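Here the structure comes first, spelled out in structure tokens, and everything after it is commentary.
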Amino acid sequence: MTYDVIVAGAGPVGLMLASELSLAGIRPLVLERLTAPSLEPKANGLVGQVVPMMDRRGLSEALSGFAGAPQPNSAYFMFGALALDLSLLEHSPVYNMAAPQPRIVSVLRDRAVELGVEIRWGTAISGLEQDCDGVTVDVSDSGGTHRLRARYLVGADGGHSLVRKMSGIDFPGISYDRTTGRTAHATVPADWLDPVTGALRVPGYGPILPFLPVRTERGGFVYAPLPGNAPLINTTEWDQPEPAEPMSLEEVRASVNRVLGADIPIGPPPGPGPHLLRRLIGGNTRLAERFRDRRVLLAGDAAHVLVFGGGPGLNLGLQDAINLGWKLAAEINGDAPAGLLDTYDTERRAAASRSVVSAQAQAAVLAPGADVTALREVFAELLTDRQTVQRLADLIAGSDVRYDMGDPHPHPLVGYCAPELELHTGAGTVRLAELTRTARPLLLDLTEEGALADALPEWRDRVDIVAARTSGEASPRALLLRPDCYIAWASASARPGDTELDTLRTALTRWFGAASRSATPVG
């Protein structure tokens, strides 16, 4: 039996990709070396554009526990332990969703199973061979070693990806060997918490706002009271000897004392857990030299690992899956125009490269030393400027990445992820997010009298066309959205003319293939 796609790794990225493929009619096989989903609390949530994207796949409520559209963070966030005052912005691009990784995996696993995805736990890949028609994969499970065949293999198997290594794809980057990070779930004295701001009031140091990192010349500290669990305490230090003893809360408390110059009497977390108690020596920021080698593709940490910056790795990885899913499905279904699958590497490496820049810049301004302290003082003055805050907020959210859609004179929105809209249709009022849950291309027709629908019957087999209106002046008046919700074409005309219709047909053909010859014209 030959599978269409084998996905290596049943973490968040592999499960998200499997679901995206399933929405497009592909039934992938997911292989995971672990015998059951990991309960290790790695990531603590999602940040940036990926949050509204989860809403656009109908996953937001299950992940966050809250109904309704995600709301942007208009309070504060951080860049290299410097506060970004998001209240300065008219429209903050930063979204935050608190969700521990075990919950993310559980929700995405349930979705994948609901869509008919086969997941084989306790199955490890030990070898692969490529040819012009597909990939042969050696796997080991409880029944021994055997071979599987697939048209494509996707490595979503983490930063130490065997798929990447066996494919011979280099993984260049920077190692931060001087750092020691300690993270633990722990309790703090209840009377140290400010009832209004939630700040941790530390005698001898002062108030520390939740989630906002503190940097001193001795290291870094974060207090993160995530919902549903004991607060997370994190420290980062430089040039510390590695302790010989196992990690303990006492070690965390001693590290806090060194970093802040003040003591916090932390205690053990309540409840059965799982609770985090982890020491990490060093870290890496790395980017695969390519995300595709013929019929092998990489996604998530297999393609990029980053330190610093608000947990960008998972945010990037889930968007890798959303970008890759529809393109790979189109290739397998025979609908893909020439070069479509190659755009996965081009687009997602560009997005990852921006995150690498962010991670490395934040590492620089977090480093120890009086010279860095002086740099931070100047930088903090710049962060009172709205435009500077906007640029850094866009960098953190990933909203500054613009894909090349092939139009030499595009509308200003083309190439960016679509904004959220409230739409009034013949069937009632809906949010744009409610129209994108099938992961199909969408032509949003806001023109007068729905002028586009009748002009393009030959694409209705692969593009949903929705006529609607918005409250107030609508600009643009038409949007062509790819399944990943990036805008491939836009118009500001109430009645697009022949030239604009030609550019729309060009965009439709570029991204979704030639028009169907069997379509019957309307009228």
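A note on labels: chains of the structure tokens are A, B, ... as shown, every chain counts residues from 1, and ligands are counted from 1 in their shown order.
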
All residues 7 Å or closer to Thr187 of chain A, only C-alpha atoms, same chain fewer than 3 positions away omitted, as a list in words: Ala230, Pro231, Ile266, Gly267, Pro268 and Pro269 of chain A

Here is a test: counting only C-alpha atoms, which residue of A:Val163, A:Ala10, A:Leu86, A:Leu59 is nearest to Thr123 of chain A?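 Of A:Val163, A:Ala10, A:Leu86, A:Leu59, the one nearest Thr123 of chain A, counting only C-alpha atoms, is A:Ala10.
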
Contacts of Leu63 of chain A at 9 Å or less, counting only C-alpha atoms, minus same-chain residues fewer than 3 places along, as number ranges by chain? A: 54, 59-60, 66, 97-100, 103-104, 107-108

Between segment 238-302 of chain A and segment 322-332 of chain A, at 12 Å or less, what are the per-residue closest atom pairs and their distances in Å? Count only C-alpha atoms, order by chain and rising residue number, and return it as a tab-separated table.
residue	atom	partner	partner_atom	distance
A:Phe291	CA	A:Leu324	CA	10.5
A:Arg292	CA	A:Leu324	CA	10.9
A:Arg295	CA	A:Leu328	CA	10.3
A:Val296	CA	A:Leu328	CA	11.2
A:Leu297	CA	A:Leu324	CA	9.1
A:Leu298	CA	A:Leu324	CA	9.6
A:Ala299	CA	A:Leu324	CA	8.4
A:Gly300	CA	A:Ile322	CA	11.0

Near Asn257 of chain A, counting only C-alpha atoms, which residues have an atom at most 12 Å away, once you skip same-chain residues fewer than 4 positions from it, shown as a PyMOL selection string? chain A and resi 202-205+216+218-221+235-237+250-253+261-266

Using DSSP secondary structure from the backbone, list all strand (DSSP E or B) positions within segment 15-179 of chain A, as a tab-separated table (two decimals) with all heavy atoms, in the first residue's frame.
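Okay, this is what ended up in result05.tsv:
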chain	number	residue	atom	x	y	z
A	29	LEU	N	-1.05	9.41	6.97
A	29	LEU	CA	-0.67	8.52	8.07
A	29	LEU	C	0.31	9.28	8.95
A	29	LEU	O	1.33	9.79	8.47
A	29	LEU	CB	-0.02	7.25	7.54
A	29	LEU	CG	0.60	6.31	8.58
A	29	LEU	CD1	-0.46	5.73	9.51
A	29	LEU	CD2	1.40	5.20	7.90
A	30	VAL	N	0.03	9.36	10.26
A	30	VAL	CA	0.91	10.04	11.21
A	30	VAL	C	1.63	8.99	12.04
A	30	VAL	O	1.00	8.10	12.63
A	30	VAL	CB	0.11	10.99	12.13
A	30	VAL	CG1	1.05	11.66	13.12
A	30	VAL	CG2	-0.64	12.03	11.30
A	31	LEU	N	2.95	9.09	12.08
A	31	LEU	CA	3.77	8.17	12.86
A	31	LEU	C	4.41	8.93	14.02
A	31	LEU	O	4.97	10.01	13.82
A	31	LEU	CB	4.88	7.56	11.99
A	31	LEU	CG	4.44	6.86	10.70
A	31	LEU	CD1	5.66	6.34	9.96
A	31	LEU	CD2	3.47	5.73	11.00
A	32	GLU	N	4.32	8.36	15.23
A	32	GLU	CA	4.89	9.00	16.42
A	32	GLU	C	5.65	7.96	17.22
A	32	GLU	O	5.13	6.89	17.54
A	32	GLU	CB	3.77	9.62	17.27
A	32	GLU	CG	4.21	10.13	18.63
A	32	GLU	CD	5.35	11.14	18.57
A	32	GLU	OE1	5.21	12.15	17.86
A	32	GLU	OE2	6.38	10.88	19.23
A	45	GLY	N	1.26	28.47	25.37
A	45	GLY	CA	0.21	29.18	24.65
A	45	GLY	C	0.68	29.61	23.28
A	45	GLY	O	1.77	29.23	22.82
A	46	LEU	N	-0.14	30.40	22.63
A	46	LEU	CA	0.13	30.86	21.27
A	46	LEU	C	0.15	32.38	21.24
A	46	LEU	O	-0.56	33.04	22.00
A	46	LEU	CB	-0.95	30.34	20.32
A	46	LEU	CG	-1.17	28.82	20.30
A	46	LEU	CD1	-2.33	28.47	19.39
A	46	LEU	CD2	0.09	28.10	19.89
A	47	VAL	N	0.95	32.92	20.34
A	47	VAL	CA	1.12	34.37	20.23
A	47	VAL	C	1.10	34.77	18.76
A	47	VAL	O	1.71	34.10	17.92
A	47	VAL	CB	2.46	34.83	20.86
A	47	VAL	CG1	2.67	36.33	20.63
A	47	VAL	CG2	2.49	34.52	22.35
A	76	TYR	N	0.07	45.20	27.13
A	76	TYR	CA	1.51	45.23	26.96
A	76	TYR	C	2.03	43.85	26.58
A	76	TYR	O	1.40	42.83	26.83
A	76	TYR	CB	2.22	45.71	28.25
A	76	TYR	CG	2.06	44.78	29.43
A	76	TYR	CD1	2.94	43.73	29.65
A	76	TYR	CD2	1.02	44.96	30.34
A	76	TYR	CE1	2.80	42.88	30.73
A	76	TYR	CE2	0.87	44.11	31.43
A	76	TYR	CZ	1.77	43.08	31.62
A	76	TYR	OH	1.61	42.23	32.69
A	77	PHE	N	3.17	43.84	25.94
A	77	PHE	CA	3.90	42.62	25.63
A	77	PHE	C	5.37	42.96	25.81
A	77	PHE	O	5.70	44.00	26.41
A	77	PHE	CB	3.57	42.14	24.20
A	77	PHE	CG	3.86	40.67	24.01
A	77	PHE	CD1	3.09	39.71	24.67
A	77	PHE	CD2	4.88	40.25	23.18
A	77	PHE	CE1	3.35	38.36	24.49
A	77	PHE	CE2	5.15	38.89	22.99
A	77	PHE	CZ	4.37	37.95	23.65
A	78	MET	N	6.25	42.08	25.35
A	78	MET	CA	7.66	42.34	25.60
A	78	MET	C	8.50	42.07	24.36
A	78	MET	O	8.12	41.30	23.48
A	78	MET	CB	8.18	41.49	26.77
A	78	MET	CG	8.31	40.01	26.49
A	78	MET	SD	6.73	39.14	26.45
A	78	MET	CE	7.30	37.45	26.34
A	79	PHE	N	9.62	42.73	24.31
A	79	PHE	CA	10.64	42.48	23.31
A	79	PHE	C	11.98	42.54	24.01
A	79	PHE	O	12.41	43.62	24.44
A	79	PHE	CB	10.58	43.50	22.17
A	79	PHE	CG	11.55	43.22	21.06
A	79	PHE	CD1	11.21	42.39	20.01
A	79	PHE	CD2	12.82	43.79	21.07
A	79	PHE	CE1	12.10	42.12	18.99
A	79	PHE	CE2	13.73	43.52	20.06
A	79	PHE	CZ	13.37	42.68	19.02
A	82	LEU	N	11.91	44.13	27.39
A	82	LEU	CA	11.52	45.54	27.40
A	82	LEU	C	10.03	45.60	27.09
A	82	LEU	O	9.54	44.92	26.19
A	82	LEU	CB	12.30	46.32	26.34
A	82	LEU	CG	13.79	46.53	26.63
A	82	LEU	CD1	14.53	46.87	25.35
A	82	LEU	CD2	13.98	47.62	27.67
A	83	ALA	N	9.31	46.42	27.84
A	83	ALA	CA	7.86	46.48	27.71
A	83	ALA	C	7.44	47.21	26.43
A	83	ALA	O	7.95	48.29	26.13
A	83	ALA	CB	7.24	47.15	28.92
A	84	LEU	N	6.53	46.59	25.69
A	84	LEU	CA	5.89	47.24	24.55
A	84	LEU	C	4.51	47.70	24.99
A	84	LEU	O	3.66	46.87	25.37
A	84	LEU	CB	5.73	46.28	23.38
A	84	LEU	CG	6.98	45.81	22.63
A	84	LEU	CD1	6.57	44.89	21.49
A	84	LEU	CD2	7.76	46.98	22.10
A	85	ASP	N	4.27	48.99	24.97
A	85	ASP	CA	2.98	49.54	25.35
A	85	ASP	C	2.03	49.45	24.16
A	85	ASP	O	1.98	50.33	23.31
A	85	ASP	CB	3.13	50.99	25.82
A	85	ASP	CG	1.83	51.59	26.32
A	85	ASP	OD1	0.79	50.89	26.31
A	85	ASP	OD2	1.84	52.77	26.72
A	96	ASN	N	-2.81	36.86	22.17
A	96	ASN	CA	-2.27	35.89	23.13
A	96	ASN	C	-3.35	34.87	23.47
A	96	ASN	O	-4.50	35.24	23.71
A	96	ASN	CB	-1.82	36.57	24.42
A	96	ASN	CG	-0.81	37.69	24.16
A	96	ASN	OD1	-1.10	38.85	24.38
A	96	ASN	ND2	0.36	37.33	23.68
A	97	MET	N	-2.98	33.61	23.46
A	97	MET	CA	-3.90	32.55	23.88
A	97	MET	C	-3.17	31.65	24.87
A	97	MET	O	-2.19	31.00	24.51
A	97	MET	CB	-4.38	31.72	22.68
A	97	MET	CG	-5.28	30.56	23.09
A	97	MET	SD	-5.70	29.48	21.70
A	97	MET	CE	-6.84	30.53	20.80
A	98	ALA	N	-3.62	31.64	26.10
A	98	ALA	CA	-3.04	30.77	27.12
A	98	ALA	C	-3.58	29.35	26.92
A	98	ALA	O	-4.78	29.12	27.02
A	98	ALA	CB	-3.37	31.28	28.51
A	118	GLU	N	-5.32	8.55	10.58
A	118	GLU	CA	-4.74	7.40	11.29
A	118	GLU	C	-3.45	7.84	11.97
A	118	GLU	O	-2.54	8.37	11.32
A	118	GLU	CB	-4.45	6.26	10.31
A	118	GLU	CG	-3.84	5.04	11.00
A	118	GLU	CD	-3.44	3.93	10.03
A	118	GLU	OE1	-3.69	4.10	8.81
A	118	GLU	OE2	-2.86	2.94	10.49
A	119	ILE	N	-3.36	7.60	13.28
A	119	ILE	CA	-2.16	7.94	14.06
A	119	ILE	C	-1.62	6.65	14.65
A	119	ILE	O	-2.33	5.92	15.35
A	119	ILE	CB	-2.47	8.93	15.19
A	119	ILE	CG1	-3.16	10.18	14.65
A	119	ILE	CG2	-1.19	9.32	15.92
A	119	ILE	CD1	-3.67	11.12	15.72
A	120	ARG	N	-0.38	6.34	14.37
A	120	ARG	CA	0.27	5.14	14.93
A	120	ARG	C	1.28	5.58	15.99
A	120	ARG	O	2.32	6.17	15.68
A	120	ARG	CB	0.98	4.35	13.84
A	120	ARG	CG	0.03	3.74	12.81
A	120	ARG	CD	0.79	2.83	11.86
A	120	ARG	NE	-0.05	2.42	10.74
A	120	ARG	CZ	0.38	1.66	9.74
A	120	ARG	NH1	1.65	1.24	9.71
A	120	ARG	NH2	-0.44	1.33	8.75
A	121	TRP	N	0.94	5.28	17.23
A	121	TRP	CA	1.82	5.61	18.34
A	121	TRP	C	2.86	4.51	18.49
A	121	TRP	O	2.65	3.36	18.11
A	121	TRP	CB	1.02	5.77	19.63
A	121	TRP	CG	-0.04	6.85	19.53
A	121	TRP	CD1	-1.35	6.67	19.22
A	121	TRP	CD2	0.15	8.24	19.71
A	121	TRP	NE1	-2.01	7.88	19.19
A	121	TRP	CE2	-1.12	8.87	19.50
A	121	TRP	CE3	1.24	9.04	20.03
A	121	TRP	CZ2	-1.30	10.24	19.60
A	121	TRP	CZ3	1.06	10.42	20.13
A	121	TRP	CH2	-0.19	11.00	19.92
A	124	ALA	N	8.61	4.39	15.24
A	124	ALA	CA	9.75	5.28	14.98
A	124	ALA	C	10.28	5.07	13.58
A	124	ALA	O	10.36	3.93	13.10
A	124	ALA	CB	10.86	5.02	16.00
A	125	ILE	N	10.63	6.15	12.91
A	125	ILE	CA	11.27	6.08	11.60
A	125	ILE	C	12.77	5.87	11.79
A	125	ILE	O	13.42	6.60	12.54
A	125	ILE	CB	10.99	7.36	10.79
A	125	ILE	CG1	9.51	7.44	10.43
A	125	ILE	CG2	11.83	7.40	9.53
A	125	ILE	CD1	9.12	8.69	9.67
A	126	SER	N	13.32	4.88	11.08
A	126	SER	CA	14.75	4.59	11.22
A	126	SER	C	15.52	4.75	9.92
A	126	SER	O	16.75	4.67	9.91
A	126	SER	CB	14.93	3.16	11.74
A	126	SER	OG	14.26	2.22	10.91
A	127	GLY	N	14.82	4.98	8.81
A	127	GLY	CA	15.50	5.16	7.55
A	127	GLY	C	14.54	5.61	6.46
A	127	GLY	O	13.32	5.42	6.58
A	128	LEU	N	15.07	6.20	5.40
A	128	LEU	CA	14.22	6.60	4.28
A	128	LEU	C	15.04	6.61	3.01
A	128	LEU	O	16.26	6.82	3.02
A	128	LEU	CB	13.57	7.98	4.52
A	128	LEU	CG	14.47	9.22	4.61
A	128	LEU	CD1	14.71	9.83	3.23
A	128	LEU	CD2	13.84	10.27	5.51
A	129	GLU	N	14.34	6.36	1.91
A	129	GLU	CA	14.94	6.42	0.57
A	129	GLU	C	13.95	7.12	-0.35
A	129	GLU	O	12.75	6.84	-0.32
A	129	GLU	CB	15.23	5.02	0.03
A	129	GLU	CG	16.26	4.24	0.84
A	129	GLU	CD	16.43	2.82	0.32
A	129	GLU	OE1	15.71	2.47	-0.66
A	129	GLU	OE2	17.23	2.07	0.89
A	130	GLN	N	14.47	8.03	-1.16
A	130	GLN	CA	13.63	8.74	-2.11
A	130	GLN	C	13.89	8.26	-3.53
A	130	GLN	O	14.99	7.85	-3.88
A	130	GLN	CB	13.94	10.24	-2.08
A	130	GLN	CG	13.48	11.00	-0.87
A	130	GLN	CD	13.46	12.48	-1.14
A	130	GLN	OE1	12.66	12.95	-1.95
A	130	GLN	NE2	14.34	13.22	-0.48
A	135	VAL	N	8.62	8.09	-1.47
A	135	VAL	CA	9.57	7.86	-0.39
A	135	VAL	C	9.28	6.51	0.26
A	135	VAL	O	8.11	6.19	0.56
A	135	VAL	CB	9.47	8.96	0.69
A	135	VAL	CG1	10.57	8.80	1.73
A	135	VAL	CG2	9.54	10.35	0.06
A	136	THR	N	10.31	5.71	0.45
A	136	THR	CA	10.19	4.46	1.20
A	136	THR	C	10.76	4.69	2.58
A	136	THR	O	11.90	5.18	2.73
A	136	THR	CB	10.95	3.33	0.50
A	136	THR	OG1	10.40	3.14	-0.81
A	136	THR	CG2	10.81	2.03	1.27
A	137	VAL	N	9.98	4.36	3.60
A	137	VAL	CA	10.33	4.67	4.98
A	137	VAL	C	10.48	3.38	5.78
A	137	VAL	O	9.59	2.51	5.76
A	137	VAL	CB	9.24	5.55	5.63
A	137	VAL	CG1	9.61	5.88	7.07
A	137	VAL	CG2	9.05	6.83	4.83
A	138	ASP	N	11.61	3.23	6.47
A	138	ASP	CA	11.81	2.12	7.41
A	138	ASP	C	11.28	2.54	8.77
A	138	ASP	O	11.66	3.60	9.29
A	138	ASP	CB	13.29	1.77	7.52
A	138	ASP	CG	13.88	1.28	6.21
A	138	ASP	OD1	13.21	0.51	5.50
A	138	ASP	OD2	15.02	1.69	5.88
A	139	VAL	N	10.41	1.70	9.36
A	139	VAL	CA	9.84	2.02	10.66
A	139	VAL	C	9.97	0.84	11.60
A	139	VAL	O	10.01	-0.32	11.16
A	139	VAL	CB	8.35	2.44	10.54
A	139	VAL	CG1	8.19	3.66	9.66
A	139	VAL	CG2	7.50	1.30	10.02
A	140	SER	N	10.02	1.17	12.88
A	140	SER	CA	10.08	0.14	13.92
A	140	SER	C	8.94	0.37	14.89
A	140	SER	O	8.70	1.50	15.33
A	140	SER	CB	11.42	0.22	14.67
A	140	SER	OG	12.51	0.05	13.77
A	141	ASP	N	8.24	-0.72	15.24
A	141	ASP	CA	7.17	-0.64	16.21
A	141	ASP	C	7.16	-1.93	17.03
A	141	ASP	O	8.11	-2.73	16.95
A	141	ASP	CB	5.81	-0.38	15.55
A	141	ASP	CG	5.46	-1.41	14.48
A	141	ASP	OD1	6.00	-2.54	14.53
A	141	ASP	OD2	4.66	-1.10	13.58
A	144	GLY	N	8.03	-5.12	15.20
A	144	GLY	CA	9.31	-5.27	14.54
A	144	GLY	C	9.59	-4.14	13.57
A	144	GLY	O	9.05	-3.04	13.70
A	145	THR	N	10.43	-4.43	12.59
A	145	THR	CA	10.83	-3.43	11.60
A	145	THR	C	10.21	-3.78	10.25
A	145	THR	O	10.23	-4.94	9.83
A	145	THR	CB	12.36	-3.37	11.47
A	145	THR	OG1	12.91	-3.05	12.75
A	145	THR	CG2	12.78	-2.32	10.46
A	146	HIS	N	9.65	-2.80	9.57
A	146	HIS	CA	9.07	-3.01	8.26
A	146	HIS	C	9.14	-1.72	7.46
A	146	HIS	O	9.65	-0.70	7.93
A	146	HIS	CB	7.63	-3.54	8.37
A	146	HIS	CG	6.76	-2.74	9.28
A	146	HIS	ND1	5.86	-1.81	8.85
A	146	HIS	CD2	6.67	-2.73	10.65
A	146	HIS	CE1	5.23	-1.27	9.88
A	146	HIS	NE2	5.71	-1.80	10.98
A	147	ARG	N	8.64	-1.75	6.24
A	147	ARG	CA	8.76	-0.61	5.33
A	147	ARG	C	7.38	-0.11	4.93
A	147	ARG	O	6.43	-0.88	4.80
A	147	ARG	CB	9.54	-1.00	4.07
A	147	ARG	CG	10.87	-1.66	4.34
A	147	ARG	CD	11.75	-1.68	3.09
A	147	ARG	NE	12.77	-0.63	3.16
A	147	ARG	CZ	13.58	-0.31	2.17
A	147	ARG	NH1	13.47	-0.93	1.00
A	147	ARG	NH2	14.47	0.63	2.32
A	148	LEU	N	7.29	1.22	4.78
A	148	LEU	CA	6.08	1.88	4.31
A	148	LEU	C	6.43	2.73	3.10
A	148	LEU	O	7.56	3.21	2.97
A	148	LEU	CB	5.47	2.76	5.41
A	148	LEU	CG	5.01	2.06	6.69
A	148	LEU	CD1	4.60	3.09	7.73
A	148	LEU	CD2	3.87	1.09	6.42
A	149	ARG	N	5.44	2.94	2.27
A	149	ARG	CA	5.66	3.71	1.05
A	149	ARG	C	4.69	4.88	1.01
A	149	ARG	O	3.50	4.74	1.35
A	149	ARG	CB	5.43	2.81	-0.16
A	149	ARG	CG	5.62	3.47	-1.51
A	149	ARG	CD	7.06	3.65	-1.87
A	149	ARG	NE	7.20	4.19	-3.25
A	149	ARG	CZ	8.31	4.71	-3.73
A	149	ARG	NH1	9.40	4.76	-2.99
A	149	ARG	NH2	8.35	5.17	-4.97
A	150	ALA	N	5.16	6.06	0.62
A	150	ALA	CA	4.30	7.25	0.51
A	150	ALA	C	4.77	8.10	-0.65
A	150	ALA	O	5.93	8.08	-1.04
A	150	ALA	CB	4.35	8.05	1.81
A	151	ARG	N	3.83	8.89	-1.17
A	151	ARG	CA	4.19	9.82	-2.23
A	151	ARG	C	5.02	10.97	-1.68
A	151	ARG	O	5.91	11.49	-2.35
A	151	ARG	CB	2.93	10.34	-2.92
A	151	ARG	CG	2.17	9.24	-3.66
A	151	ARG	CD	0.86	9.74	-4.24
A	151	ARG	NE	1.08	10.74	-5.29
A	151	ARG	CZ	0.10	11.35	-5.95
A	151	ARG	NH1	-1.16	11.07	-5.64
A	151	ARG	NH2	0.37	12.24	-6.89
A	152	TYR	N	4.74	11.37	-0.42
A	152	TYR	CA	5.49	12.43	0.24
A	152	TYR	C	5.68	12.09	1.71
A	152	TYR	O	4.84	11.41	2.31
A	152	TYR	CB	4.77	13.78	0.12
A	152	TYR	CG	4.76	14.34	-1.29
A	152	TYR	CD1	3.72	14.05	-2.17
A	152	TYR	CD2	5.80	15.15	-1.72
A	152	TYR	CE1	3.72	14.56	-3.46
A	152	TYR	CE2	5.81	15.67	-3.02
A	152	TYR	CZ	4.77	15.37	-3.88
A	152	TYR	OH	4.78	15.86	-5.16
A	153	LEU	N	6.77	12.59	2.26
A	153	LEU	CA	7.06	12.45	3.69
A	153	LEU	C	7.29	13.84	4.24
A	153	LEU	O	8.05	14.64	3.68
A	153	LEU	CB	8.31	11.59	3.90
A	153	LEU	CG	8.89	11.55	5.32
A	153	LEU	CD1	7.93	10.86	6.29
A	153	LEU	CD2	10.25	10.85	5.32
A	154	VAL	N	6.63	14.14	5.37
A	154	VAL	CA	6.83	15.43	6.04
A	154	VAL	C	7.43	15.17	7.41
A	154	VAL	O	6.85	14.44	8.23
A	154	VAL	CB	5.51	16.21	6.18
A	154	VAL	CG1	5.76	17.54	6.88
A	154	VAL	CG2	4.87	16.46	4.81
A	155	GLY	N	8.58	15.77	7.66
A	155	GLY	CA	9.21	15.69	8.97
A	155	GLY	C	8.71	16.79	9.88
A	155	GLY	O	9.05	17.96	9.69
A	173	GLY	N	23.07	27.71	12.23
A	173	GLY	CA	22.53	28.67	13.17
A	173	GLY	C	23.53	29.02	14.25
A	173	GLY	O	24.73	28.89	14.08
A	174	ILE	N	23.00	29.47	15.38
A	174	ILE	CA	23.82	29.96	16.49
A	174	ILE	C	23.45	29.19	17.75
A	174	ILE	O	22.27	28.97	18.05
A	174	ILE	CB	23.59	31.46	16.72
A	174	ILE	CG1	24.06	32.27	15.51
A	174	ILE	CG2	24.31	31.94	17.98
A	174	ILE	CD1	23.76	33.75	15.59
A	175	SER	N	24.48	28.77	18.50
A	175	SER	CA	24.27	28.14	19.80
A	175	SER	C	24.60	29.13	20.91
A	175	SER	O	25.59	29.87	20.81
A	175	SER	CB	25.15	26.89	19.95
A	175	SER	OG	24.76	25.89	19.03
A	179	THR	N	24.22	30.15	28.49
A	179	THR	CA	23.01	30.36	29.28
A	179	THR	C	22.58	29.09	30.02
A	179	THR	O	22.75	27.97	29.53
A	179	THR	CB	21.85	30.82	28.39
A	179	THR	OG1	21.57	29.81	27.42
A	179	THR	CG2	22.19	32.12	27.68

Using only C-alpha atoms, determine which residues lie at most 12 Å from Gln71 of chain A, disregarding the query and same-chain residues fewer than 6 positions distant; provide the list as a PyMOL selection string. chain A and resi 47-49+51-52+55+60+64+91-97+420

Would you kindly return, as a PyMOL selection string, each protein, DNA or RNA residue with an atom no farther than 12 Å from any atom of Asp498 of chain A, considering only C-alpha atoms and excluding same-chain residues fewer than 6 positions away? chain A and resi 451-452+455+504-505

Give me a file of those residues, with all heavy atoms, as a PDB file, in the first residue's frame.
ATOM      1  N   ALA A 451     -21.045  41.425  -8.255  1.00  0.00           N
ATOM      2  CA  ALA A 451     -20.709  41.381  -9.678  1.00  0.00           C
ATOM      3  C   ALA A 451     -19.751  40.261 -10.046  1.00  0.00           C
ATOM      4  O   ALA A 451     -19.688  39.863 -11.215  1.00  0.00           O
ATOM      5  CB  ALA A 451     -20.097  42.728 -10.089  1.00  0.00           C
ATOM      6  N   LEU A 452     -18.994  39.725  -9.075  1.00  0.00           N
ATOM      7  CA  LEU A 452     -17.953  38.765  -9.414  1.00  0.00           C
ATOM      8  C   LEU A 452     -18.473  37.345  -9.587  1.00  0.00           C
ATOM      9  O   LEU A 452     -17.914  36.562 -10.363  1.00  0.00           O
ATOM     10  CB  LEU A 452     -16.860  38.781  -8.343  1.00  0.00           C
ATOM     11  CG  LEU A 452     -16.076  40.088  -8.197  1.00  0.00           C
ATOM     12  CD1 LEU A 452     -15.074  39.970  -7.072  1.00  0.00           C
ATOM     13  CD2 LEU A 452     -15.375  40.433  -9.501  1.00  0.00           C
ATOM     14  N   ALA A 455     -19.359  36.303 -13.054  1.00  0.00           N
ATOM     15  CA  ALA A 455     -18.273  36.433 -14.015  1.00  0.00           C
ATOM     16  C   ALA A 455     -17.285  35.277 -13.961  1.00  0.00           C
ATOM     17  O   ALA A 455     -16.460  35.123 -14.864  1.00  0.00           O
ATOM     18  CB  ALA A 455     -17.535  37.749 -13.788  1.00  0.00           C
ATOM     19  N   LEU A 504      -7.652  39.121 -11.718  1.00  0.00           N
ATOM     20  CA  LEU A 504      -8.242  38.136 -10.806  1.00  0.00           C
ATOM     21  C   LEU A 504      -8.116  36.734 -11.390  1.00  0.00           C
ATOM     22  O   LEU A 504      -7.739  35.784 -10.679  1.00  0.00           O
ATOM     23  CB  LEU A 504      -9.705  38.481 -10.540  1.00  0.00           C
ATOM     24  CG  LEU A 504     -10.518  37.430  -9.748  1.00  0.00           C
ATOM     25  CD1 LEU A 504      -9.858  37.102  -8.420  1.00  0.00           C
ATOM     26  CD2 LEU A 504     -11.940  37.930  -9.530  1.00  0.00           C
ATOM     27  N   ARG A 505      -8.423  36.580 -12.681  1.00  0.00           N
ATOM     28  CA  ARG A 505      -8.288  35.263 -13.309  1.00  0.00           C
ATOM     29  C   ARG A 505      -6.834  34.789 -13.291  1.00  0.00           C
ATOM     30  O   ARG A 505      -6.554  33.597 -13.114  1.00  0.00           O
ATOM     31  CB  ARG A 505      -8.815  35.325 -14.746  1.00  0.00           C
ATOM     32  CG  ARG A 505     -10.328  35.522 -14.834  1.00  0.00           C
ATOM     33  CD  ARG A 505     -10.819  35.391 -16.268  1.00  0.00           C
ATOM     34  NE  ARG A 505     -12.267  35.579 -16.337  1.00  0.00           N
ATOM     35  CZ  ARG A 505     -12.865  36.709 -16.675  1.00  0.00           C
ATOM     36  NH1 ARG A 505     -12.114  37.781 -16.983  1.00  0.00           N
ATOM     37  NH2 ARG A 505     -14.180  36.803 -16.716  1.00  0.00           N
TER      38      ARG A 505
END

Restrict the calculation to only C-alpha atoms, then for each residue of segment 99-218 of chain A with any atom at most 8 Å from an atom of segment 274-289 of chain A give the closest atom pair and their distance in Å to one decimal, rows by chain and rising residue number, as CSV.
residue,atom,partner,partner_atom,distance
A:Ile169,CA,A:Glu289,CA,6.5
A:Asp170,CA,A:Glu289,CA,5.6
A:Phe171,CA,A:Ala288,CA,4.4
A:Pro172,CA,A:Arg286,CA,5.5
A:Gly173,CA,A:Arg286,CA,4.0
A:Ile174,CA,A:Thr285,CA,5.4
A:Ser175,CA,A:Asn284,CA,4.5
A:Tyr176,CA,A:Gly282,CA,5.1
A:Asp177,CA,A:Gly282,CA,4.3
A:Arg178,CA,A:Gly282,CA,6.1
A:Thr179,CA,A:Gly282,CA,4.9
A:Thr180,CA,A:Ile281,CA,4.6
A:Gly181,CA,A:Leu280,CA,5.0
A:Arg182,CA,A:Arg279,CA,4.5
A:Thr183,CA,A:Arg278,CA,5.3
A:Ala184,CA,A:Leu277,CA,4.3
A:His185,CA,A:Leu276,CA,5.5
